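Peer 1: File query33.cif below, mmCIF, C-alpha atoms:
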```
data_entry
#
loop_
_atom_site.label_atom_id
_atom_site.label_comp_id
_atom_site.auth_asym_id
_atom_site.auth_seq_id
_atom_site.Cartn_x
_atom_site.Cartn_y
_atom_site.Cartn_z
CA MET A 1 0.00 0.00 0.00
CA ARG A 2 1.30 3.47 -0.92
CA LYS A 3 0.30 6.76 0.67
CA ILE A 4 -0.07 9.60 -1.79
CA VAL A 5 -0.53 13.18 -0.63
CA ILE A 6 -2.67 15.42 -2.84
CA ALA A 7 -2.71 19.12 -2.05
CA SER A 8 -5.79 21.13 -3.00
CA ASP A 9 -5.50 24.92 -3.16
CA ARG A 10 -9.11 26.09 -3.12
CA PRO A 11 -12.13 25.50 -0.81
CA LYS A 12 -13.87 23.47 -3.52
CA GLN A 13 -11.84 21.93 -6.30
CA ILE A 14 -11.78 19.11 -8.81
CA VAL A 15 -8.14 17.96 -8.71
CA ASP A 16 -6.86 15.90 -11.64
CA VAL A 17 -4.75 13.14 -10.03
CA THR A 18 -4.26 10.96 -13.14
CA GLU A 19 -0.57 11.73 -13.69
CA ARG A 20 0.19 11.47 -9.97
CA ILE A 21 -1.32 7.96 -9.89
CA GLU A 22 0.50 6.91 -13.05
CA ARG A 23 3.83 8.14 -11.65
CA GLU A 24 3.21 6.03 -8.56
CA LEU A 25 2.34 2.96 -10.67
CA LYS A 26 5.56 3.46 -12.62
CA GLY A 27 7.53 3.67 -9.34
CA LEU A 28 5.92 0.43 -8.21
CA GLY A 29 6.68 -1.25 -11.54
CA VAL A 30 3.04 -2.23 -12.07
CA ILE A 31 2.40 -3.40 -15.62
CA ASP A 32 -1.07 -4.95 -15.63
CA GLY A 33 -3.82 -5.38 -13.09
CA VAL A 34 -6.22 -3.32 -11.02
CA CYS A 35 -5.21 -0.39 -8.85
CA THR A 36 -7.46 0.53 -5.94
CA LEU A 37 -7.59 4.07 -4.57
CA PHE A 38 -9.10 5.14 -1.26
CA VAL A 39 -9.30 8.64 0.21
CA THR A 40 -9.18 8.68 4.03
CA HIS A 41 -11.39 11.74 4.52
CA THR A 42 -15.10 12.54 4.84
CA THR A 43 -15.15 15.79 2.84
CA ALA A 44 -13.27 14.54 -0.22
CA ALA A 45 -14.10 11.84 -2.75
CA LEU A 46 -12.74 10.01 -5.79
CA THR A 47 -14.28 9.47 -9.23
CA THR A 48 -13.52 10.01 -12.92
CA ALA A 49 -14.62 12.97 -15.02
CA ASP A 50 -14.38 14.79 -18.32
CA LEU A 51 -12.13 17.79 -17.63
CA ASP A 52 -12.65 20.02 -20.66
CA PRO A 53 -11.96 23.66 -19.69
CA GLY A 54 -14.63 24.93 -17.29
CA THR A 55 -16.12 21.51 -16.64
CA ASP A 56 -14.52 21.35 -13.19
CA LEU A 57 -16.35 24.55 -12.21
CA ASP A 58 -19.58 23.26 -13.83
CA MET A 59 -19.35 20.18 -11.63
CA LEU A 60 -18.79 22.22 -8.47
CA ASP A 61 -21.74 24.49 -9.33
CA ALA A 62 -24.00 21.46 -9.79
CA PHE A 63 -22.75 19.82 -6.58
CA ASP A 64 -23.42 23.05 -4.67
CA GLN A 65 -27.10 22.89 -5.59
CA LEU A 66 -27.49 19.11 -5.49
CA ILE A 67 -27.69 18.46 -1.74
CA PRO A 68 -30.60 20.27 -0.05
CA LYS A 69 -29.63 22.95 2.47
CA LEU A 70 -31.69 21.89 5.49
CA ARG A 71 -31.47 22.65 9.22
CA TYR A 72 -28.78 20.07 9.98
CA ARG A 73 -27.87 18.69 13.43
CA HIS A 74 -24.11 18.19 13.05
CA PRO A 75 -22.64 19.57 16.34
CA HIS A 76 -19.47 21.19 14.97
CA ASP A 77 -20.15 22.37 11.45
CA PRO A 78 -23.78 22.09 10.28
CA GLY A 79 -22.89 24.22 7.24
CA HIS A 80 -20.55 21.47 6.05
CA VAL A 81 -23.12 18.68 6.19
CA PRO A 82 -23.83 18.89 2.43
CA ASP A 83 -20.09 18.37 1.82
CA HIS A 84 -20.06 15.27 4.00
CA ILE A 85 -23.13 13.88 2.24
CA LEU A 86 -21.73 14.62 -1.20
CA ALA A 87 -18.49 12.85 -0.29
CA SER A 88 -20.44 9.76 0.86
CA LEU A 89 -22.51 9.85 -2.32
CA ILE A 90 -19.59 10.14 -4.76
CA GLY A 91 -17.67 7.63 -2.67
CA PRO A 92 -14.17 7.29 -1.19
CA ALA A 93 -12.94 4.36 -3.32
CA LEU A 94 -12.12 3.71 -6.96
CA ALA A 95 -10.84 0.59 -8.74
CA LEU A 96 -8.95 1.37 -11.96
CA PRO A 97 -7.64 -0.96 -14.65
CA VAL A 98 -3.91 -0.81 -15.44
CA GLY A 99 -2.45 -1.97 -18.77
CA ASP A 100 1.10 -1.55 -20.13
CA GLY A 101 2.02 0.36 -16.96
CA LYS A 102 -0.67 3.02 -17.46
CA LEU A 103 -4.24 3.58 -16.32
CA VAL A 104 -6.67 2.39 -18.99
CA LEU A 105 -9.09 5.31 -19.28
CA GLY A 106 -11.37 6.77 -21.93
CA THR A 107 -10.09 9.54 -24.21
CA TRP A 108 -11.60 12.33 -22.08
CA GLN A 109 -11.65 10.47 -18.81
CA ARG A 110 -9.47 11.66 -15.91
CA VAL A 111 -9.16 10.41 -12.35
CA VAL A 112 -10.20 13.19 -9.99
CA LEU A 113 -10.20 13.97 -6.30
CA VAL A 114 -13.23 16.06 -5.38
CA GLU A 115 -12.15 18.53 -2.68
CA LEU A 116 -15.11 19.87 -0.71
CA ASP A 117 -13.39 21.46 2.29
CA GLY A 118 -10.00 22.76 1.18
CA PRO A 119 -7.44 23.98 0.74
CA ARG A 120 -5.91 20.94 2.38
CA GLU A 121 -3.51 18.05 2.07
CA ARG A 122 -5.45 14.87 1.37
CA GLN A 123 -4.21 11.32 1.77
CA VAL A 124 -5.00 8.76 -0.92
CA LEU A 125 -4.04 5.11 -0.39
CA LEU A 126 -3.07 3.13 -3.47
CA SER A 127 -3.09 -0.68 -3.48
CA VAL A 128 -2.33 -3.00 -6.39
CA MET B 129 -15.83 -14.98 0.53
CA ARG B 130 -17.61 -14.39 3.85
CA LYS B 131 -21.28 -13.63 4.34
CA ILE B 132 -21.97 -11.04 7.02
CA VAL B 133 -25.50 -10.35 8.26
CA ILE B 134 -26.26 -6.78 9.30
CA ALA B 135 -29.56 -6.15 11.09
CA SER B 136 -31.12 -2.70 10.79
CA ASP B 137 -33.82 -1.72 13.28
CA ARG B 138 -35.47 1.28 11.64
CA PRO B 139 -37.10 1.96 8.23
CA LYS B 140 -34.23 4.31 7.29
CA GLN B 141 -30.93 4.03 9.06
CA ILE B 142 -27.21 4.66 8.69
CA VAL B 143 -25.66 1.55 10.27
CA ASP B 144 -22.01 1.76 11.34
CA VAL B 145 -20.48 -1.58 10.25
CA THR B 146 -16.81 -0.71 10.84
CA GLU B 147 -16.28 -2.90 13.91
CA ARG B 148 -18.24 -5.77 12.38
CA ILE B 149 -15.96 -5.73 9.32
CA GLU B 150 -12.81 -5.50 11.44
CA ARG B 151 -13.92 -8.45 13.57
CA GLU B 152 -14.38 -10.46 10.38
CA LEU B 153 -10.94 -9.44 9.08
CA LYS B 154 -9.43 -10.52 12.39
CA GLY B 155 -11.22 -13.88 12.13
CA LEU B 156 -9.82 -14.32 8.63
CA GLY B 157 -6.33 -13.37 9.78
CA VAL B 158 -6.00 -10.64 7.18
CA ILE B 159 -3.04 -8.35 7.87
CA ASP B 160 -2.59 -6.23 4.75
CA GLY B 161 -4.43 -5.84 1.48
CA VAL B 162 -7.75 -4.70 0.12
CA CYS B 163 -11.10 -5.89 1.41
CA THR B 164 -14.09 -5.70 -0.93
CA LEU B 165 -17.63 -5.39 0.39
CA PHE B 166 -20.82 -5.95 -1.60
CA VAL B 167 -24.42 -5.65 -0.40
CA THR B 168 -26.80 -8.03 -2.21
CA HIS B 169 -29.88 -5.79 -2.07
CA THR B 170 -31.45 -2.99 -4.11
CA THR B 171 -32.67 -0.79 -1.23
CA ALA B 172 -29.43 -0.73 0.77
CA ALA B 173 -25.98 0.63 -0.08
CA LEU B 174 -22.43 0.92 1.22
CA THR B 175 -20.20 3.96 1.64
CA THR B 176 -18.14 5.77 4.28
CA ALA B 177 -19.30 8.72 6.39
CA ASP B 178 -18.56 11.04 9.27
CA LEU B 179 -20.78 9.83 12.11
CA ASP B 180 -20.70 12.67 14.62
CA PRO B 181 -23.91 12.63 16.70
CA GLY B 182 -26.91 13.56 14.57
CA THR B 183 -25.05 13.28 11.29
CA ASP B 184 -26.74 9.98 10.48
CA LEU B 185 -30.13 11.68 10.70
CA ASP B 186 -28.84 14.68 8.70
CA MET B 187 -27.83 12.29 5.94
CA LEU B 188 -31.22 10.56 5.90
CA ASP B 189 -33.01 13.95 5.80
CA ALA B 190 -30.91 15.02 2.82
CA PHE B 191 -31.41 11.69 1.02
CA ASP B 192 -35.17 11.99 1.55
CA GLN B 193 -35.24 15.22 -0.44
CA LEU B 194 -32.54 14.35 -2.95
CA ILE B 195 -34.43 12.06 -5.32
CA PRO B 196 -37.45 13.75 -6.96
CA LYS B 197 -40.84 12.30 -6.04
CA LEU B 198 -42.36 11.69 -9.47
CA ARG B 199 -45.20 9.52 -10.76
CA TYR B 200 -43.19 6.31 -10.95
CA ARG B 201 -44.12 3.14 -12.90
CA HIS B 202 -42.72 0.42 -10.60
CA PRO B 203 -45.50 -2.25 -10.49
CA HIS B 204 -45.20 -3.29 -6.82
CA ASP B 205 -44.04 -0.32 -4.82
CA PRO B 206 -43.86 3.00 -6.72
CA GLY B 207 -43.37 4.77 -3.38
CA HIS B 208 -40.07 2.95 -2.92
CA VAL B 209 -38.60 3.97 -6.26
CA PRO B 210 -36.55 6.82 -4.70
CA ASP B 211 -35.00 4.24 -2.32
CA HIS B 212 -34.02 2.00 -5.23
CA ILE B 213 -32.51 4.94 -7.11
CA LEU B 214 -30.63 6.18 -4.07
CA ALA B 215 -29.19 2.69 -3.51
CA SER B 216 -28.00 2.56 -7.14
CA LEU B 217 -26.50 6.05 -6.82
CA ILE B 218 -24.59 5.42 -3.58
CA GLY B 219 -23.59 2.01 -4.87
CA PRO B 220 -23.54 -1.59 -3.60
CA ALA B 221 -19.75 -2.08 -3.48
CA LEU B 222 -16.83 -0.69 -1.51
CA ALA B 223 -13.10 -1.50 -1.63
CA LEU B 224 -11.29 -0.73 1.63
CA PRO B 225 -7.58 -0.78 2.46
CA VAL B 226 -6.43 -3.04 5.29
CA GLY B 227 -3.18 -2.46 7.22
CA ASP B 228 -1.91 -4.16 10.39
CA GLY B 229 -5.12 -6.19 10.49
CA LYS B 230 -7.39 -3.12 10.61
CA LEU B 231 -9.26 -0.98 8.12
CA VAL B 232 -7.20 2.09 7.21
CA LEU B 233 -9.72 4.92 7.53
CA GLY B 234 -9.64 8.64 8.27
CA THR B 235 -10.04 9.86 11.86
CA TRP B 236 -13.79 10.51 11.50
CA GLN B 237 -14.43 8.03 8.71
CA ARG B 238 -16.69 5.04 9.35
CA VAL B 239 -17.91 2.29 7.01
CA VAL B 240 -21.69 2.46 6.81
CA LEU B 241 -24.56 0.48 5.42
CA VAL B 242 -27.34 2.79 4.26
CA GLU B 243 -30.66 1.09 5.04
CA LEU B 244 -33.53 2.50 2.97
CA ASP B 245 -36.24 -0.12 3.51
CA GLY B 246 -35.84 -1.60 6.99
CA PRO B 247 -35.95 -2.89 9.54
CA ARG B 248 -34.33 -5.90 7.89
CA GLU B 249 -31.47 -8.33 7.86
CA ARG B 250 -29.04 -7.40 5.12
CA GLN B 251 -26.35 -9.59 3.62
CA VAL B 252 -22.91 -8.13 2.96
CA LEU B 253 -20.28 -10.23 1.16
CA LEU B 254 -16.66 -9.69 2.15
CA SER B 255 -13.79 -10.79 -0.09
CA VAL B 256 -10.09 -10.28 0.50
CA MET C 257 -8.20 -7.90 -18.63
CA ARG C 258 -11.08 -8.40 -21.05
CA LYS C 259 -12.72 -5.76 -23.20
CA ILE C 260 -16.47 -6.08 -23.44
CA VAL C 261 -18.51 -4.01 -25.90
CA ILE C 262 -22.01 -3.03 -24.80
CA ALA C 263 -24.29 -1.46 -27.41
CA SER C 264 -27.02 0.89 -26.21
CA ASP C 265 -29.87 1.68 -28.59
CA ARG C 266 -31.47 4.77 -27.05
CA PRO C 267 -30.20 8.23 -25.99
CA LYS C 268 -30.77 7.36 -22.32
CA GLN C 269 -30.97 3.74 -21.27
CA ILE C 270 -30.44 1.39 -18.36
CA VAL C 271 -28.77 -1.62 -19.99
CA ASP C 272 -28.83 -4.93 -18.08
CA VAL C 273 -25.32 -6.38 -18.54
CA THR C 274 -25.56 -9.20 -15.98
CA GLU C 275 -25.71 -12.08 -18.48
CA ARG C 276 -23.02 -10.53 -20.64
CA ILE C 277 -20.66 -10.39 -17.65
CA GLU C 278 -21.50 -13.93 -16.56
CA ARG C 279 -20.84 -15.24 -20.07
CA GLU C 280 -17.43 -13.57 -19.96
CA LEU C 281 -16.67 -15.07 -16.52
CA LYS C 282 -17.61 -18.49 -17.86
CA GLY C 283 -15.29 -17.99 -20.85
CA LEU C 284 -12.48 -17.04 -18.46
CA GLY C 285 -13.20 -20.07 -16.26
CA VAL C 286 -13.56 -17.93 -13.13
CA ILE C 287 -15.10 -19.89 -10.25
CA ASP C 288 -14.66 -17.72 -7.15
CA GLY C 289 -13.30 -14.26 -6.46
CA VAL C 290 -14.00 -10.66 -7.23
CA CYS C 291 -14.59 -9.29 -10.70
CA THR C 292 -13.90 -5.60 -11.32
CA LEU C 293 -15.70 -3.67 -14.05
CA PHE C 294 -14.71 -0.27 -15.40
CA VAL C 295 -16.41 1.78 -18.12
CA THR C 296 -14.00 3.94 -20.14
CA HIS C 297 -16.41 6.79 -20.84
CA THR C 298 -17.59 10.00 -19.17
CA THR C 299 -21.28 9.83 -20.08
CA ALA C 300 -21.91 6.23 -18.98
CA ALA C 301 -21.67 4.59 -15.56
CA LEU C 302 -21.96 1.23 -13.79
CA THR C 303 -24.06 0.21 -10.80
CA THR C 304 -26.65 -2.38 -9.74
CA ALA C 305 -30.42 -1.92 -9.79
CA ASP C 306 -33.81 -3.52 -9.38
CA LEU C 307 -35.14 -3.94 -12.94
CA ASP C 308 -38.82 -4.68 -12.45
CA PRO C 309 -40.77 -3.56 -15.56
CA GLY C 310 -40.76 0.23 -15.85
CA THR C 311 -38.09 0.74 -13.19
CA ASP C 312 -35.46 1.52 -15.80
CA LEU C 313 -37.60 4.40 -17.08
CA ASP C 314 -38.34 5.53 -13.49
CA MET C 315 -34.62 5.74 -12.87
CA LEU C 316 -34.00 7.77 -16.03
CA ASP C 317 -36.84 10.16 -15.12
CA ALA C 318 -35.36 10.71 -11.66
CA PHE C 319 -31.84 11.18 -13.06
CA ASP C 320 -33.18 13.74 -15.54
CA GLN C 321 -34.39 15.94 -12.69
CA LEU C 322 -31.60 15.19 -10.22
CA ILE C 323 -28.79 17.35 -11.58
CA PRO C 324 -29.66 21.08 -11.71
CA LYS C 325 -29.85 22.61 -15.18
CA LEU C 326 -27.57 25.63 -14.80
CA ARG C 327 -25.73 27.87 -17.24
CA TYR C 328 -22.77 25.54 -17.75
CA ARG C 329 -19.37 26.50 -19.23
CA HIS C 330 -18.46 23.26 -21.08
CA PRO C 331 -17.09 24.48 -24.46
CA HIS C 332 -18.53 21.77 -26.73
CA ASP C 333 -21.78 20.56 -25.24
CA PRO C 334 -23.05 22.54 -22.22
CA GLY C 335 -26.37 20.70 -22.54
CA HIS C 336 -24.60 17.43 -21.74
CA VAL C 337 -22.97 18.64 -18.53
CA PRO C 338 -25.66 17.02 -16.34
CA ASP C 339 -24.89 13.69 -18.06
CA HIS C 340 -21.18 14.04 -17.29
CA ILE C 341 -21.90 14.93 -13.66
CA LEU C 342 -24.34 12.06 -13.26
CA ALA C 343 -21.76 9.63 -14.67
CA SER C 344 -19.15 10.89 -12.17
CA LEU C 345 -21.66 10.60 -9.33
CA ILE C 346 -22.81 7.05 -10.12
CA GLY C 347 -19.23 6.10 -10.85
CA PRO C 348 -17.31 4.23 -13.57
CA ALA C 349 -16.22 1.20 -11.51
CA LEU C 350 -17.88 -1.76 -9.82
CA ALA C 351 -16.42 -4.69 -7.85
CA LEU C 352 -18.65 -7.76 -7.89
CA PRO C 353 -18.37 -11.04 -5.96
CA VAL C 354 -18.20 -14.27 -7.98
CA GLY C 355 -19.16 -17.65 -6.53
CA ASP C 356 -19.60 -21.02 -8.31
CA GLY C 357 -18.81 -19.29 -11.61
CA LYS C 358 -21.66 -16.77 -11.30
CA LEU C 359 -22.10 -13.25 -9.99
CA VAL C 360 -23.41 -13.34 -6.42
CA LEU C 361 -26.28 -10.84 -6.51
CA GLY C 362 -29.52 -10.25 -4.64
CA THR C 363 -32.77 -11.77 -5.96
CA TRP C 364 -33.80 -8.56 -7.78
CA GLN C 365 -30.34 -7.14 -8.27
CA ARG C 366 -28.94 -6.72 -11.77
CA VAL C 367 -25.68 -5.22 -13.00
CA VAL C 368 -26.46 -2.22 -15.20
CA LEU C 369 -24.70 0.17 -17.50
CA VAL C 370 -26.30 3.61 -17.32
CA GLU C 371 -26.20 5.11 -20.83
CA LEU C 372 -26.55 8.90 -20.78
CA ASP C 373 -25.49 9.83 -24.32
CA GLY C 374 -26.46 7.00 -26.65
CA PRO C 375 -27.11 5.17 -28.75
CA ARG C 376 -23.47 4.09 -28.69
CA GLU C 377 -21.04 1.26 -28.30
CA ARG C 378 -19.52 1.37 -24.84
CA GLN C 379 -16.37 -0.36 -23.67
CA VAL C 380 -16.33 -2.09 -20.29
CA LEU C 381 -13.08 -3.57 -18.97
CA LEU C 382 -13.35 -6.70 -16.85
CA SER C 383 -10.53 -7.82 -14.54
CA VAL C 384 -10.51 -10.78 -12.16
#
```
Show me this structure written as structure tokens.

Peer 2:
Amino acid sequence: MRKIVIASDRPKQIVDVTERIERELKGLGVIDGVCTLFVTHTTAALTTADLDPGTDLDMLDAFDQLIPKLRYRHPHDPGHVPDHILASLIGPALALPVGDGKLVLGTWQRVVLVELDGPRERQVLLSV
Amino acid sequence: MRKIVIASDRPKQIVDVTERIERELKGLGVIDGVCTLFVTHTTAALTTADLDPGTDLDMLDAFDQLIPKLRYRHPHDPGHVPDHILASLIGPALALPVGDGKLVLGTWQRVVLVELDGPRERQVLLSV
Amino acid sequence: MRKIVIASDRPKQIVDVTERIERELKGLGVIDGVCTLFVTHTTAALTTADLDPGTDLDMLDAFDQLIPKLRYRHPHDPGHVPDHILASLIGPALALPVGDGKLVLGTWQRVVLVELDGPRERQVLLSV
């Protein structure tokens, strides 16, 4: 298992981690198989996305309106409850196919960390 | 593969299954690797979440309003269609890193089963 | 790793791929384990669902209203941004338990590809 640190630099951000993951796979000498990622946080998540210019901001705009803004009970930060829920919904884990030492993705598909409470350093665990 | 039975005791419930999974890993003697969970139901799902007091109810409140209440076609229980859709959206599967015989999670991160049509016994399959 | 081609025949469609995956597992001679699926596209996703008659259309109706229709920035197809976001939210990957050469699913649970920009041929990668 490898610990990867991803630094976000804005409160909400779609961070492209594709190259970071591929560099790690290269370091590990992985040629073929499945690589599993897991983010050890409750206000960040992992998925894949099209990252044409502006699409990251489109996604954040949609996410901002997706979760209803109710009177939440969370004792420390009720305003952050939608971020927690979004993170649970998108999910903390991702299994990615590896072929010829690279992630096998679609033409426009990138691996992204969804930062919902940054800027922060986030830990992603990679297992092969 | 191990079959784990999780009993929910309310119609909607966020059930913390972290300790149950770790007990199973201990029984299997797993030290390091990736553990895959899968719930064999269409009105329950698996994810991770912050479980500060009240946050489980916050999550259920948000989920209740998330899926639009339309005129659905489902022949047996049209009222349960939002539960089915939510389960598909959150997802039935979860891959979790294991280190030193324990799940490697964030400080506030718990593994949860989202019960959307309880109370019921739910089957979760664990593979290592 | 095996490449599976799934053809959708409508713009939006819930495609049941359960038998297709089981045929592939049979061809590979897989008896027990975990099978990982990954769709290499940004307007399609993988999950499981109840597929009682009409439920596929119910799901598409709900998805259509789930993502807010905002003024998106995407340079080529701003109208498709909700499809991209939905695909990221449902997720591109799925880990499924295999027992006795078959997928171990719930009674009403089917493995589905969610097509959001069809009709199209979609590539799903299967690893065991």

Peer 1: Please expand the PyMOL selection byres ((chain A) within 9 of (chain B)) into the concrete residues it hits in this file, giving the result as a VMD selection string.

Peer 2: chain A and resid 1 36 to 43 66 to 76 78 81 to 82 84 to 85 87 to 95 123 125 to 128

Peer 1: All C-alpha atoms, paired in order, least-squares superposition of chain B on chain A: what RMSD does that give?

Peer 2: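 It comes to 0.0 Å after superposition.
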
Peer 1: Could you tell me how far atom CA of Ala301 of chain C sits from atom CA of Asp83 of chain A, in Å to one decimal place?

Peer 2: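 Computing the Euclidean distance for atom CA of Asp83 of chain A and atom CA of Ala301 of chain C yields 22.2 Å.
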
Peer 1: From the options A:Ala44, A:Asp16, A:Ile6, A:Glu22, which residue's atoms come nearest to Leu116 of chain A, counting only C-alpha atoms?

Peer 2: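 Looking at the shortest contact to Leu116 of chain A, the residue is A:Ala44.
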
Peer 1: Show me as a PDB file with C-alpha atoms, in the frame of the given file the residues that reach within 6 Å of (-34.8, 4.2, 6.0), counting only C-alpha atoms and using the file's own coordinates.

Peer 2:
```
ATOM      1  CA  PRO B 139     -37.100   1.960   8.230  1.00  0.00           C
ATOM      2  CA  LYS B 140     -34.230   4.310   7.290  1.00  0.00           C
ATOM      3  CA  GLN B 141     -30.930   4.030   9.060  1.00  0.00           C
ATOM      4  CA  GLU B 243     -30.660   1.090   5.040  1.00  0.00           C
ATOM      5  CA  LEU B 244     -33.530   2.500   2.970  1.00  0.00           C
ATOM      6  CA  ASP B 245     -36.240  -0.120   3.510  1.00  0.00           C
ATOM      7  CA  GLY B 246     -35.840  -1.600   6.990  1.00  0.00           C
TER       8      GLY B 246
END
```

Peer 1: Please complete segment 340-355 of chain C with N, CA and C atoms and give it back as a PDB file, keeping the file's coordinate frame.

Peer 2:
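The new file part25.pdb reads:
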```
ATOM      1  N   HIS C 340     -22.543  14.261 -17.790  1.00  0.00           N
ATOM      2  CA  HIS C 340     -21.180  14.040 -17.290  1.00  0.00           C
ATOM      3  C   HIS C 340     -21.167  13.966 -15.763  1.00  0.00           C
ATOM      4  N   ILE C 341     -21.903  14.869 -15.133  1.00  0.00           N
ATOM      5  CA  ILE C 341     -21.900  14.930 -13.660  1.00  0.00           C
ATOM      6  C   ILE C 341     -22.552  13.677 -13.084  1.00  0.00           C
ATOM      7  N   LEU C 342     -23.645  13.264 -13.697  1.00  0.00           N
ATOM      8  CA  LEU C 342     -24.340  12.060 -13.260  1.00  0.00           C
ATOM      9  C   LEU C 342     -23.418  10.834 -13.379  1.00  0.00           C
ATOM     10  N   ALA C 343     -22.684  10.756 -14.482  1.00  0.00           N
ATOM     11  CA  ALA C 343     -21.760   9.630 -14.670  1.00  0.00           C
ATOM     12  C   ALA C 343     -20.686   9.625 -13.582  1.00  0.00           C
ATOM     13  N   SER C 344     -20.171  10.800 -13.232  1.00  0.00           N
ATOM     14  CA  SER C 344     -19.150  10.890 -12.170  1.00  0.00           C
ATOM     15  C   SER C 344     -19.735  10.502 -10.825  1.00  0.00           C
ATOM     16  N   LEU C 345     -20.991  10.856 -10.613  1.00  0.00           N
ATOM     17  CA  LEU C 345     -21.660  10.600  -9.330  1.00  0.00           C
ATOM     18  C   LEU C 345     -21.977   9.109  -9.153  1.00  0.00           C
ATOM     19  N   ILE C 346     -22.514   8.488 -10.187  1.00  0.00           N
ATOM     20  CA  ILE C 346     -22.810   7.050 -10.120  1.00  0.00           C
ATOM     21  C   ILE C 346     -21.505   6.270 -10.065  1.00  0.00           C
ATOM     22  N   GLY C 347     -20.561   6.689 -10.895  1.00  0.00           N
ATOM     23  CA  GLY C 347     -19.230   6.100 -10.850  1.00  0.00           C
ATOM     24  C   GLY C 347     -18.968   5.141 -11.993  1.00  0.00           C
ATOM     25  N   PRO C 348     -17.682   5.037 -12.413  1.00  0.00           N
ATOM     26  CA  PRO C 348     -17.310   4.230 -13.570  1.00  0.00           C
ATOM     27  C   PRO C 348     -16.937   2.792 -13.204  1.00  0.00           C
ATOM     28  N   ALA C 349     -16.791   2.493 -11.903  1.00  0.00           N
ATOM     29  CA  ALA C 349     -16.220   1.200 -11.510  1.00  0.00           C
ATOM     30  C   ALA C 349     -17.167   0.422 -10.610  1.00  0.00           C
ATOM     31  N   LEU C 350     -17.031  -0.891 -10.636  1.00  0.00           N
ATOM     32  CA  LEU C 350     -17.880  -1.760  -9.820  1.00  0.00           C
ATOM     33  C   LEU C 350     -17.119  -3.039  -9.518  1.00  0.00           C
ATOM     34  N   ALA C 351     -17.060  -3.422  -8.237  1.00  0.00           N
ATOM     35  CA  ALA C 351     -16.420  -4.690  -7.850  1.00  0.00           C
ATOM     36  C   ALA C 351     -17.521  -5.658  -7.442  1.00  0.00           C
ATOM     37  N   LEU C 352     -17.555  -6.816  -8.089  1.00  0.00           N
ATOM     38  CA  LEU C 352     -18.650  -7.760  -7.890  1.00  0.00           C
ATOM     39  C   LEU C 352     -18.134  -9.122  -7.427  1.00  0.00           C
ATOM     40  N   PRO C 353     -18.791  -9.717  -6.423  1.00  0.00           N
ATOM     41  CA  PRO C 353     -18.370 -11.040  -5.960  1.00  0.00           C
ATOM     42  C   PRO C 353     -18.791 -12.132  -6.936  1.00  0.00           C
ATOM     43  N   VAL C 354     -17.918 -13.123  -7.119  1.00  0.00           N
ATOM     44  CA  VAL C 354     -18.200 -14.270  -7.980  1.00  0.00           C
ATOM     45  C   VAL C 354     -18.135 -15.545  -7.140  1.00  0.00           C
ATOM     46  N   GLY C 355     -19.140 -16.375  -7.253  1.00  0.00           N
ATOM     47  CA  GLY C 355     -19.160 -17.650  -6.530  1.00  0.00           C
ATOM     48  C   GLY C 355     -19.740 -18.727  -7.445  1.00  0.00           C
TER      49      GLY C 355
END
```
